[in-house]
Structure formats: C-alpha cells, structure tokens
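See below for coords17.cif, which holds mmCIF, C-alpha atoms and all ligand atoms.
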```
data_coords
loop_
_atom_site.label_atom_id
_atom_site.label_comp_id
_atom_site.auth_asym_id
_atom_site.auth_seq_id
_atom_site.Cartn_x
_atom_site.Cartn_y
_atom_site.Cartn_z
CA MET A 9 26.12 141.92 64.53
CA SER A 10 26.41 138.92 66.89
CA VAL A 11 29.48 138.47 69.10
CA ARG A 12 30.38 135.44 67.03
CA ASP A 13 30.34 137.54 63.83
CA GLU A 14 32.42 140.27 65.46
CA ILE A 15 35.06 137.71 66.47
CA ARG A 16 35.03 136.11 63.02
CA GLU A 17 35.48 139.53 61.42
CA ALA A 18 38.31 140.49 63.82
CA ASN A 19 40.28 137.28 63.26
CA GLN A 20 38.96 134.62 60.86
CA GLU A 21 41.82 132.14 61.51
CA PHE A 22 41.24 132.33 65.27
CA TYR A 23 37.51 131.74 64.83
CA GLU A 24 37.98 128.74 62.53
CA ARG A 25 40.57 127.09 64.77
CA TYR A 26 38.73 127.34 68.05
CA SER A 27 35.26 126.57 66.69
CA GLN A 28 36.72 123.05 66.30
CA ILE A 29 37.09 122.88 70.09
CA GLU A 30 33.80 124.47 71.15
CA ASP A 31 31.22 126.24 69.02
CA THR A 32 28.40 127.36 71.31
CA ASP A 33 27.08 130.96 71.46
CA GLU A 34 27.96 130.95 75.15
CA PHE A 35 31.61 130.08 74.42
CA TRP A 36 32.02 132.96 71.95
CA GLU A 37 30.23 135.41 74.22
CA PHE A 38 32.50 134.61 77.19
CA ILE A 39 35.68 134.67 75.07
CA VAL A 40 35.31 138.47 74.87
CA LYS A 41 33.05 139.38 77.82
CA PRO A 42 34.88 141.69 80.31
CA LEU A 43 36.06 139.88 83.45
CA ARG A 44 34.64 140.22 86.93
CA GLN A 45 37.09 141.81 89.39
CA SER A 46 38.47 139.36 91.90
CA ILE A 47 40.93 139.60 94.79
CA ARG A 48 43.04 137.31 96.91
CA VAL A 49 43.30 138.23 100.59
CA ASN A 50 46.95 138.27 101.66
CA THR A 51 47.10 136.42 104.97
CA LEU A 52 50.82 137.26 105.30
CA LYS A 53 49.68 140.72 106.41
CA ALA A 54 46.43 140.16 108.33
CA PRO A 55 43.98 137.38 109.22
CA LEU A 56 41.44 136.54 106.51
CA GLU A 57 38.40 137.35 108.67
CA VAL A 58 39.73 140.83 109.57
CA VAL A 59 40.26 141.83 105.94
CA VAL A 60 36.91 140.39 104.83
CA GLU A 61 35.07 142.22 107.60
CA ARG A 62 36.79 145.50 106.74
CA LEU A 63 36.08 145.24 102.99
CA SER A 64 32.49 144.09 103.55
CA GLU A 65 31.69 147.51 105.04
CA ASP A 66 32.06 149.08 101.58
CA TYR A 67 31.86 146.24 99.02
CA LYS A 68 29.97 143.10 98.20
CA LEU A 69 32.25 140.05 98.40
CA GLU A 70 31.36 136.73 96.79
CA PRO A 71 33.59 133.76 97.76
CA ILE A 72 35.43 131.98 94.93
CA PRO A 73 34.58 128.29 95.49
CA TRP A 74 38.05 126.87 94.76
CA VAL A 75 40.25 129.26 96.83
CA ARG A 76 39.60 130.00 100.50
CA GLU A 77 41.23 133.45 100.26
CA GLY A 78 39.61 134.40 96.90
CA PHE A 79 36.58 136.67 96.37
CA PHE A 80 34.78 138.39 93.54
CA ILE A 81 34.31 142.05 94.47
CA ASN A 82 32.17 144.86 93.03
CA VAL A 83 34.86 147.52 92.71
CA ASP A 84 35.63 149.57 89.59
CA ASN A 85 39.18 150.61 90.38
CA LEU A 86 41.05 148.39 92.82
CA ALA A 87 44.05 150.75 92.81
CA ARG A 88 41.95 153.29 94.74
CA VAL A 89 41.15 150.81 97.54
CA PRO A 90 43.47 151.43 100.56
CA GLU A 91 43.59 147.71 101.44
CA HIS A 92 45.18 147.19 98.01
CA SER A 93 47.94 149.78 98.55
CA LEU A 94 48.59 148.28 101.97
CA GLY A 95 49.12 144.82 100.48
CA LEU A 96 46.17 143.32 102.34
CA VAL A 97 44.66 142.19 99.04
CA PHE A 98 46.02 141.40 95.58
CA GLY A 99 43.99 141.79 92.38
CA GLN A 100 44.17 138.33 90.83
CA GLU A 101 41.94 136.63 88.31
CA ALA A 102 39.87 133.84 89.86
CA SER A 103 41.10 130.96 87.67
CA SER A 104 44.72 132.14 88.00
CA MET A 105 44.46 131.30 91.72
CA ILE A 106 44.10 127.58 90.89
CA PRO A 107 47.74 126.61 90.05
CA PRO A 108 49.15 127.51 93.52
CA VAL A 109 46.24 125.68 95.17
CA VAL A 110 47.13 122.58 93.12
CA LEU A 111 50.86 123.05 93.86
CA ASP A 112 50.01 123.04 97.59
CA PRO A 113 53.43 124.20 98.89
CA LYS A 114 54.27 123.77 102.58
CA PRO A 115 56.28 125.95 105.02
CA GLY A 116 60.00 125.16 104.85
CA GLU A 117 60.04 123.75 101.32
CA LEU A 118 62.21 124.81 98.37
CA VAL A 119 60.02 125.98 95.49
CA LEU A 120 60.84 127.17 91.96
CA ASP A 121 58.43 129.59 90.26
CA MET A 122 59.98 129.43 86.81
CA ALA A 123 58.01 132.19 85.01
CA ALA A 124 56.95 134.37 87.91
CA ALA A 125 56.29 138.00 86.91
CA PRO A 126 54.25 139.98 87.87
CA GLY A 127 54.12 137.68 90.90
CA SER A 128 50.47 137.01 91.69
CA LYS A 129 51.16 133.29 92.08
CA THR A 130 54.52 133.80 93.85
CA GLY A 131 52.69 135.83 96.50
CA GLN A 132 50.05 133.13 96.85
CA ILE A 133 52.75 130.44 97.18
CA ALA A 134 54.56 132.50 99.87
CA GLN A 135 51.23 132.83 101.67
CA TYR A 136 50.75 129.04 101.76
CA MET A 137 54.38 128.65 102.91
CA GLU A 138 53.76 131.21 105.70
CA ASN A 139 56.93 133.00 104.53
CA GLU A 140 59.06 130.01 105.60
CA GLY A 141 61.41 128.03 103.34
CA CYS A 142 62.53 129.51 100.04
CA ILE A 143 61.01 130.42 96.67
CA ILE A 144 63.18 131.10 93.64
CA ALA A 145 60.99 133.42 91.56
CA ASN A 146 62.38 133.73 88.06
CA ASP A 147 61.50 135.88 85.07
CA PRO A 148 63.93 136.77 82.27
CA LYS A 149 62.18 140.03 81.33
CA ILE A 150 63.87 142.68 83.46
CA ASP A 151 61.01 145.20 83.33
CA ARG A 152 58.59 142.49 84.46
CA ALA A 153 61.04 141.23 87.13
CA ASN A 154 61.07 144.77 88.58
CA ILE A 155 57.26 144.72 88.84
CA LEU A 156 57.55 141.29 90.48
CA ILE A 157 59.93 142.70 93.12
CA ALA A 158 57.64 145.68 93.80
CA ASN A 159 54.63 143.37 94.20
CA LEU A 160 56.50 141.00 96.55
CA ASN A 161 57.53 143.99 98.67
CA ARG A 162 53.97 145.31 98.85
CA MET A 163 52.67 141.86 99.82
CA GLY A 164 55.26 141.40 102.61
CA VAL A 165 56.85 138.35 100.97
CA LEU A 166 60.17 137.60 102.72
CA ASN A 167 61.16 134.08 101.62
CA THR A 168 61.80 134.77 97.91
CA ARG A 169 64.89 135.36 95.77
CA VAL A 170 64.27 136.86 92.33
CA THR A 171 66.35 135.69 89.36
CA THR A 172 66.26 136.75 85.70
CA ARG A 173 67.31 133.61 83.77
CA ASP A 174 65.79 131.82 80.84
CA GLY A 175 63.75 129.19 82.73
CA ALA A 176 65.61 126.35 80.97
CA TYR A 177 68.71 127.33 83.02
CA PHE A 178 67.20 125.60 86.06
CA GLY A 179 67.40 122.19 84.37
CA ARG A 180 71.00 121.97 85.63
CA PHE A 181 69.79 121.79 89.26
CA GLU A 182 68.66 118.19 88.88
CA ASN A 183 66.36 116.69 91.54
CA THR A 184 66.55 119.84 93.69
CA PHE A 185 63.14 121.48 94.22
CA ASP A 186 60.26 120.12 96.34
CA ARG A 187 57.78 121.85 94.02
CA VAL A 188 57.98 123.67 90.71
CA LEU A 189 55.40 125.97 89.14
CA LEU A 190 55.66 126.56 85.40
CA ASP A 191 52.99 129.17 84.63
CA ALA A 192 54.20 129.32 81.08
CA PRO A 193 54.40 132.20 78.60
CA CYS A 194 51.55 131.52 76.16
CA SER A 195 49.33 132.93 73.43
CA SER A 196 46.98 134.25 76.15
CA VAL A 197 43.57 133.59 74.63
CA GLY A 198 42.21 133.90 78.19
CA MET A 199 43.40 137.52 78.26
CA ILE A 200 41.06 138.57 75.45
CA ARG A 201 38.58 139.24 78.26
CA LYS A 202 41.01 141.94 79.45
CA SER A 203 41.97 143.35 76.07
CA TRP A 204 40.69 142.93 72.50
CA LYS A 205 44.33 143.23 71.30
CA PHE A 206 44.91 139.57 72.29
CA LEU A 207 42.28 138.63 69.70
CA THR A 208 43.44 140.85 66.83
CA GLY A 209 47.10 140.03 67.55
CA TRP A 210 46.57 136.24 67.73
CA ARG A 211 48.43 134.23 65.03
CA LEU A 212 48.94 130.49 64.64
CA ARG A 213 52.69 131.01 64.26
CA GLY A 214 52.66 132.59 67.75
CA VAL A 215 51.03 129.44 69.15
CA VAL A 216 53.74 127.26 67.57
CA LYS A 217 56.49 129.56 68.87
CA TYR A 218 55.09 129.34 72.41
CA MET A 219 54.66 125.56 72.17
CA ASN A 220 58.37 125.16 71.41
CA ILE A 221 59.35 127.38 74.37
CA GLN A 222 56.93 125.53 76.65
CA LYS A 223 58.36 122.12 75.70
CA ARG A 224 61.88 123.36 76.48
CA LEU A 225 60.76 124.82 79.82
CA ILE A 226 58.68 121.85 80.98
CA LEU A 227 61.60 119.43 80.45
CA ALA A 228 63.88 121.69 82.52
CA ALA A 229 61.20 122.13 85.19
CA TYR A 230 60.80 118.35 85.48
CA LYS A 231 64.57 117.82 85.69
CA ALA A 232 64.81 120.36 88.52
CA LEU A 233 62.09 118.57 90.50
CA LYS A 234 63.00 116.19 93.37
CA PRO A 235 61.79 112.57 93.16
CA GLY A 236 58.41 112.56 94.88
CA GLY A 237 57.96 116.27 94.08
CA VAL A 238 55.11 118.08 92.33
CA LEU A 239 55.30 120.15 89.15
CA VAL A 240 52.30 122.25 88.14
CA TYR A 241 52.09 123.31 84.50
CA SER A 242 49.59 126.03 83.61
CA THR A 243 48.65 128.41 80.81
CA CYS A 244 45.91 130.98 80.30
CA THR A 245 45.13 129.74 76.82
CA ILE A 246 42.96 127.14 75.10
CA ASP A 247 45.16 125.93 72.25
CA PRO A 248 45.79 122.14 72.45
CA LEU A 249 49.33 122.68 71.10
CA GLU A 250 50.20 124.71 74.22
CA ASN A 251 48.34 122.47 76.66
CA GLU A 252 47.66 118.77 76.02
CA GLU A 253 50.49 118.57 73.43
CA VAL A 254 53.10 119.96 75.87
CA VAL A 255 52.11 117.70 78.78
CA ASP A 256 51.82 114.67 76.47
CA TYR A 257 55.36 115.48 75.23
CA LEU A 258 56.66 115.39 78.84
CA LEU A 259 54.89 112.07 79.50
CA ARG A 260 56.47 110.56 76.39
CA LYS A 261 59.99 111.88 77.12
CA THR A 262 60.24 111.13 80.85
CA ASP A 263 58.85 108.97 83.67
CA ALA A 264 56.44 111.79 84.69
CA ARG A 265 52.94 110.89 85.83
CA LEU A 266 49.77 112.92 86.25
CA ASP A 267 47.72 113.22 89.42
CA ASP A 268 43.99 113.93 89.67
CA ILE A 269 42.96 117.45 90.68
CA ASP A 270 39.95 117.54 92.97
CA LEU A 271 38.49 121.07 93.13
CA PRO A 272 34.97 122.50 92.90
CA VAL A 273 35.53 123.98 89.44
CA LYS A 274 33.66 123.32 86.20
CA THR A 275 35.81 122.13 83.30
CA SER A 276 35.60 121.26 79.61
CA GLU A 277 36.62 117.97 78.02
CA PRO A 278 40.38 117.66 77.38
CA VAL A 279 41.38 117.56 73.72
CA LEU A 280 42.79 114.07 73.11
CA GLU A 281 42.89 114.21 69.30
CA TRP A 282 44.16 117.21 67.42
CA GLU A 283 45.47 117.69 63.89
CA GLY A 284 46.17 113.97 63.46
CA ARG A 285 47.84 113.53 66.86
CA THR A 286 46.40 111.37 69.65
CA TYR A 287 47.26 112.22 73.25
CA SER A 288 47.47 109.97 76.32
CA GLU A 289 44.22 109.14 78.15
CA GLU A 290 46.13 110.26 81.27
CA LEU A 291 45.42 113.83 80.15
CA ARG A 292 41.86 113.36 81.42
CA LYS A 293 43.40 114.23 84.81
CA THR A 294 44.19 117.80 83.68
CA LEU A 295 41.85 120.78 83.99
CA ARG A 296 40.82 122.50 80.74
CA ILE A 297 38.79 125.55 81.75
CA HIS A 298 36.93 127.50 79.08
CA PRO A 299 35.80 131.06 79.92
CA ASN A 300 32.12 130.08 79.89
CA ASP A 301 32.64 127.20 82.38
CA ASN A 302 32.88 129.43 85.48
CA ASP A 303 32.79 132.96 84.00
CA THR A 304 36.58 133.33 84.41
CA GLU A 305 39.63 133.63 82.24
CA ALA A 306 40.45 130.46 80.26
CA PHE A 307 43.02 128.23 81.98
CA PHE A 308 44.74 124.87 81.65
CA ILE A 309 46.33 123.13 84.64
CA ALA A 310 48.22 119.85 84.96
CA LYS A 311 49.52 118.31 88.21
CA ILE A 312 52.64 116.32 87.40
CA VAL A 313 54.51 114.07 89.84
CA LYS A 314 58.00 112.59 89.66
CA PRO A 315 58.10 109.02 91.00
CA GLY A 316 59.95 108.78 94.34
CA GLU A 317 63.17 106.76 94.85
CA GLY A 318 62.46 103.09 94.23
CA GLU A 319 59.05 103.72 92.63
CA ALA A 320 58.80 102.25 89.16
C1 LIG A 401 51.87 133.88 82.23
S1 LIG A 401 53.15 134.96 82.61
C2 LIG A 401 53.48 134.56 84.30
C3 LIG A 401 52.48 135.12 85.28
C4 LIG A 401 52.90 134.91 86.72
N1 LIG A 401 53.17 133.51 86.99
C5 LIG A 401 51.87 135.43 87.68
O1 LIG A 401 51.02 134.65 88.14
O2 LIG A 401 51.89 136.62 88.02
C6 LIG A 401 54.51 134.21 81.81
C7 LIG A 401 55.85 134.83 82.13
O3 LIG A 401 56.87 134.04 81.47
C8 LIG A 401 57.95 134.88 81.25
N2 LIG A 401 58.86 134.23 80.28
C9 LIG A 401 58.96 134.42 78.93
N3 LIG A 401 59.93 133.64 78.41
C10 LIG A 401 60.44 132.92 79.45
C11 LIG A 401 61.48 131.95 79.57
N4 LIG A 401 62.21 131.56 78.50
N5 LIG A 401 61.75 131.43 80.79
C12 LIG A 401 61.03 131.80 81.88
N6 LIG A 401 60.04 132.73 81.82
C13 LIG A 401 59.76 133.27 80.63
C14 LIG A 401 57.31 136.18 80.76
O4 LIG A 401 58.17 137.26 80.94
C15 LIG A 401 56.05 136.25 81.63
O5 LIG A 401 56.25 137.11 82.72
#
```
Spell out the structure here as structure tokens.
Amino acid sequence: MSVRDEIREANQEFYERYSQIEDTDEFWEFIVKPLRQSIRVNTLKAPLEVVVERLSEDYKLEPIPWVREGFFINVDNLARVPEHSLGLVFGQEASSMIPPVVLDPKPGELVLDMAAAPGSKTGQIAQYMENEGCIIANDPKIDRANILIANLNRMGVLNTRVTTRDGAYFGRFENTFDRVLLDAPCSSVGMIRKSWKFLTGWRLRGVVKYMNIQKRLILAAYKALKPGGVLVYSTCTIDPLENEEVVDYLLRKTDARLDDIDLPVKTSEPVLEWEGRTYSEELRKTLRIHPNDNDTEAFFIAKIVKPGEGEA
C-alpha cells in the first residue's frame, strides 16, 4: 500500500481536506516520515564553537541554514548525550527554531511568551537576550509549566518568570511588552512526524476549537504589545483556519501590519482563498512551511508589527 493510501485509510477526512492544499506524493510521504534529530546549542552555558567541537568528536553535525546555533545530528537517543544533561544543547525541531529568530529579541527587553511550555523557544529567546531583561513565560497547564521550569533550570535561564494564566489574561497589560511570541496551541499536523496518533486523532471540530482559542489569544497578544513592538504568531499545523484565517482576523480587527521575513528557508504558497473566504494579500508575507519543503515539521509563522506612536 502507498503512503497516500495508508493515510487515507487512517483518516479519510484528513486526507480529503489537505489534498486541497497540496496533493503531491512527496507531500504525503513527508507528512508521516520520521523527523531528523536536531539540536540548538545553548550559548548561555558555553561558546558555540566549544560545544560544536566537542560534539563533532562523536557525531556528525549538519548546520541548519536558518539558525546559527541549530544543527541536525545523527544521534538515536539525545537523552544519553552528556552535553544534553548539562544543558549545553536542547533537542528542538529545526523549523520550531524559526519563530524566536523572527522575534529577534534584544538584551534588556520585556518579552511575553504567551504559550511557552515545554520551553524550547523560551530558552532560545533567553539566549538571544543574553539572560538580560525579562521574559514572562506563560502556560496554563500546570504539568507542562513544571516541565518548562525544569527545562529553564537545565538551560541556565535566569531572566524568566513563569506564570500559569490563560494567555488572554495578558490583554489587560495594554501596550506593555517590547515583543510577544504566541506559539499557539494547535491541531499539530506537523507532529504526525513524531507520532501517528496526531493523524488518527485529527478531527475538523478540533481545528475549529483551536481556531477560536487562537483568535482570542492573538487579540490579547496584540493588545499587550507596545507600539512599535513585534508579535510573532506561529503554529505547527497546516490548516488555513488556524493560520491565514487567524492572522487575517487580526488584520481586520486592529491596525496590525505584517512584515516580510527574510530567511533561507523554502516555503509553500500561502492559502488566500479557503471555503469561500478570501484573505488579505498581505498574508504573502507569512511563512507557510510544509514538511516536504525542508524535510522538517510543518510550521506557519507571521511577523506582526504594531504601528509606533504617530504612525498611521
Ligand atoms: C505549541 S505548544 C507551545 C510550545 C512552546 N512554545 C515551545 O516552543 O516549547 C502550545 C502550548 O499552549 C498551551 N496553551 C493551551 N491553551 C492555552 C491558553 N488558553 N493560553 C495560553 N497557552 C495555552 C499548551 O499548554 C501548550 O503548552
């Protein structure tokens, strides 16, 4: 049986929906193909060159083109690698390293990571901030927030306060944060490459449920952003209702604008028409990454800016 047939048999509704977005053999193959292991070197603990040299004695490292500290690595079980236990490296999927690169936080800034657990991106943000300034890392799921705290400790992150609110709570802190990351809860189609259960468990009603949460969160995230600040919205899924629809909703409801993202990463065409809706041409500035584009998890990333004081 072909991969395409296996997917169709596992979840017919899933197959029919996403074959409207892309229907190549390559797309279906990479939707389920196991992921390559990748790591981010944690420069809060040691210089990049030192860690790379040390790991290169035992493993083959291949640089990830869009993140200076990111590498693919030929290791079966990262948990057994001492550099991992020491917090010198963090196991992080290659495309999931893109949102903090786009956010581009600076030392001394005030940053909100609205849906932060288990903390791979919080650690990366702290790294770019050189542990200076402050990150509010929030996740309402207590068990996940505990994992977030453990990971931040292992990575030597010192500039972060962990909170456990519904992300929408932060809307009350209007015009406060220099940068906000909303790495939103989503239907996780990208995660099928980690576990088949994300395919068999996928339902359209789940997509709609997530879309409603995402719309609530993105409005609050935008409110909490300072004029002139940057909000990055990301998901690890391919559904237009959780991606283009959510960002288009923000553009219609507020004065938000999109910025271009210039990175050496292959992308797919944004979906500008879906189920009778037409989305803004501005959405061409977002990154829609399908798993076959770069052999990574699927991802969607938008760089949103709030006009500064006096800017129309
Ligand atoms: C995609 S994961 C975040 C991954 C994380 N940013 C990282 O890179 O390690 C989405 C997170 O959103 C959290 N979440 C779910 N509902 C939420 C809400 N209403 N407000 C904020 N976060 C929420 C989930 O608990 C989950 O940890």
Do you have, as JSON lines, the list of residues of chain A lying at most 9 Å from ligand LIG 401 (chain A), each with its nearest atom pair and that distance in Å to one decimal, counting all atoms listed in the file and ordered by chain then number?
```
{"residue": "A:Gln100", "atom": "CA", "partner": "A:LIG401", "partner_atom": "O1", "distance": 8.2}
{"residue": "A:Ser104", "atom": "CA", "partner": "A:LIG401", "partner_atom": "O1", "distance": 6.8}
{"residue": "A:Met105", "atom": "CA", "partner": "A:LIG401", "partner_atom": "O1", "distance": 8.2}
{"residue": "A:Pro107", "atom": "CA", "partner": "A:LIG401", "partner_atom": "O1", "distance": 8.9}
{"residue": "A:Asp121", "atom": "CA", "partner": "A:LIG401", "partner_atom": "N1", "distance": 7.3}
{"residue": "A:Met122", "atom": "CA", "partner": "A:LIG401", "partner_atom": "C12", "distance": 5.6}
{"residue": "A:Ala123", "atom": "CA", "partner": "A:LIG401", "partner_atom": "N6", "distance": 3.8}
{"residue": "A:Ala124", "atom": "CA", "partner": "A:LIG401", "partner_atom": "N1", "distance": 4.0}
{"residue": "A:Ala125", "atom": "CA", "partner": "A:LIG401", "partner_atom": "O5", "distance": 4.3}
{"residue": "A:Pro126", "atom": "CA", "partner": "A:LIG401", "partner_atom": "O2", "distance": 4.1}
{"residue": "A:Gly127", "atom": "CA", "partner": "A:LIG401", "partner_atom": "O2", "distance": 3.8}
{"residue": "A:Ser128", "atom": "CA", "partner": "A:LIG401", "partner_atom": "O2", "distance": 4.0}
{"residue": "A:Lys129", "atom": "CA", "partner": "A:LIG401", "partner_atom": "O1", "distance": 4.2}
{"residue": "A:Thr130", "atom": "CA", "partner": "A:LIG401", "partner_atom": "O1", "distance": 6.8}
{"residue": "A:Gly131", "atom": "CA", "partner": "A:LIG401", "partner_atom": "O2", "distance": 8.6}
{"residue": "A:Gln132", "atom": "CA", "partner": "A:LIG401", "partner_atom": "O1", "distance": 8.9}
{"residue": "A:Asn146", "atom": "CA", "partner": "A:LIG401", "partner_atom": "C12", "distance": 6.6}
{"residue": "A:Asp147", "atom": "CA", "partner": "A:LIG401", "partner_atom": "N6", "distance": 4.8}
{"residue": "A:Pro148", "atom": "CA", "partner": "A:LIG401", "partner_atom": "N6", "distance": 5.6}
{"residue": "A:Lys149", "atom": "CA", "partner": "A:LIG401", "partner_atom": "O4", "distance": 4.9}
{"residue": "A:Ile150", "atom": "CA", "partner": "A:LIG401", "partner_atom": "O4", "distance": 8.3}
{"residue": "A:Asp151", "atom": "CA", "partner": "A:LIG401", "partner_atom": "O4", "distance": 8.8}
{"residue": "A:Arg152", "atom": "CA", "partner": "A:LIG401", "partner_atom": "O5", "distance": 6.1}
{"residue": "A:Ala153", "atom": "CA", "partner": "A:LIG401", "partner_atom": "O5", "distance": 7.7}
{"residue": "A:Leu156", "atom": "CA", "partner": "A:LIG401", "partner_atom": "O2", "distance": 7.7}
{"residue": "A:Thr172", "atom": "CA", "partner": "A:LIG401", "partner_atom": "C12", "distance": 8.2}
{"residue": "A:Arg173", "atom": "CA", "partner": "A:LIG401", "partner_atom": "N5", "distance": 6.7}
{"residue": "A:Asp174", "atom": "CA", "partner": "A:LIG401", "partner_atom": "N5", "distance": 4.1}
{"residue": "A:Gly175", "atom": "CA", "partner": "A:LIG401", "partner_atom": "N5", "distance": 3.6}
{"residue": "A:Ala176", "atom": "CA", "partner": "A:LIG401", "partner_atom": "N5", "distance": 6.4}
{"residue": "A:Tyr177", "atom": "CA", "partner": "A:LIG401", "partner_atom": "N5", "distance": 8.4}
{"residue": "A:Leu189", "atom": "CA", "partner": "A:LIG401", "partner_atom": "N1", "distance": 8.2}
{"residue": "A:Leu190", "atom": "CA", "partner": "A:LIG401", "partner_atom": "N1", "distance": 7.6}
{"residue": "A:Asp191", "atom": "CA", "partner": "A:LIG401", "partner_atom": "N1", "distance": 4.9}
{"residue": "A:Ala192", "atom": "CA", "partner": "A:LIG401", "partner_atom": "C6", "distance": 5.0}
{"residue": "A:Pro193", "atom": "CA", "partner": "A:LIG401", "partner_atom": "C6", "distance": 3.8}
{"residue": "A:Cys194", "atom": "CA", "partner": "A:LIG401", "partner_atom": "C1", "distance": 6.5}
{"residue": "A:Ser196", "atom": "CA", "partner": "A:LIG401", "partner_atom": "C1", "distance": 7.8}
{"residue": "A:Tyr218", "atom": "CA", "partner": "A:LIG401", "partner_atom": "N3", "distance": 8.8}
{"residue": "A:Ile221", "atom": "CA", "partner": "A:LIG401", "partner_atom": "N4", "distance": 6.5}
{"residue": "A:Gln222", "atom": "CA", "partner": "A:LIG401", "partner_atom": "N4", "distance": 8.2}
{"residue": "A:Arg224", "atom": "CA", "partner": "A:LIG401", "partner_atom": "N4", "distance": 8.5}
{"residue": "A:Leu225", "atom": "CA", "partner": "A:LIG401", "partner_atom": "N5", "distance": 6.8}
{"residue": "A:Ser242", "atom": "CA", "partner": "A:LIG401", "partner_atom": "C1", "distance": 8.3}
{"residue": "A:Thr243", "atom": "CA", "partner": "A:LIG401", "partner_atom": "C1", "distance": 6.5}
{"residue": "A:Cys244", "atom": "CA", "partner": "A:LIG401", "partner_atom": "C1", "distance": 6.9}
```
Counting all atoms listed in the file, which of A:Thr51, A:Ser288, A:Asn19, A:Asn183 gets nearest to Arg260 of chain A? A:Ser288
State, in Å with one decimal place, the distance from atom CA of Glu30 of chain A to atom CA of Ile246 of chain A.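 Spanning atom CA of Glu30 of chain A to atom CA of Ile246 of chain A is a straight-line distance of 10.3 Å.
Minimum distance to Asn139 of chain A across A:Thr294, A:Asn50, A:Asn159, A:Asn85 (counting only C-alpha atoms) occurs at A:Asn50.
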Taking the point (40.9, 113.8, 74.7) as given in the file, collect each protein or nucleic acid residue that comes within 10 Å of it, counting all atoms listed in the file, and present the set as a VMD selection string. chain A and resid 248 252 277 to 282 286 to 292
Please, what distance in Å, to one decimal, runs between atom CA of Pro108 of chain A and atom CA of Asn82 of chain A?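 Atom-to-atom, atom CA of Pro108 of chain A to atom CA of Asn82 of chain A, that is 24.3 Å.
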Applying 10 Å and all atoms listed in the file, which residues near Ile15 of chain A remain after dropping the ones on its own chain fewer than 3 positions away? List them as a PyMOL selection string. chain A and resi 10-12+18-20+22-23+36-37+39-40+204+207-208
Write to file, as a PDB file, in the coordinates of the input, the residues of the selection just made, with C-alpha atoms.
```pdb
ATOM      1  CA  SER A  10      26.410 138.920  66.890  1.00  0.00           C
ATOM      2  CA  VAL A  11      29.480 138.470  69.100  1.00  0.00           C
ATOM      3  CA  ARG A  12      30.380 135.440  67.030  1.00  0.00           C
ATOM      4  CA  ALA A  18      38.310 140.490  63.820  1.00  0.00           C
ATOM      5  CA  ASN A  19      40.280 137.280  63.260  1.00  0.00           C
ATOM      6  CA  GLN A  20      38.960 134.620  60.860  1.00  0.00           C
ATOM      7  CA  PHE A  22      41.240 132.330  65.270  1.00  0.00           C
ATOM      8  CA  TYR A  23      37.510 131.740  64.830  1.00  0.00           C
ATOM      9  CA  TRP A  36      32.020 132.960  71.950  1.00  0.00           C
ATOM     10  CA  GLU A  37      30.230 135.410  74.220  1.00  0.00           C
ATOM     11  CA  ILE A  39      35.680 134.670  75.070  1.00  0.00           C
ATOM     12  CA  VAL A  40      35.310 138.470  74.870  1.00  0.00           C
ATOM     13  CA  TRP A 204      40.690 142.930  72.500  1.00  0.00           C
ATOM     14  CA  LEU A 207      42.280 138.630  69.700  1.00  0.00           C
ATOM     15  CA  THR A 208      43.440 140.850  66.830  1.00  0.00           C
TER      16      THR A 208
END
```
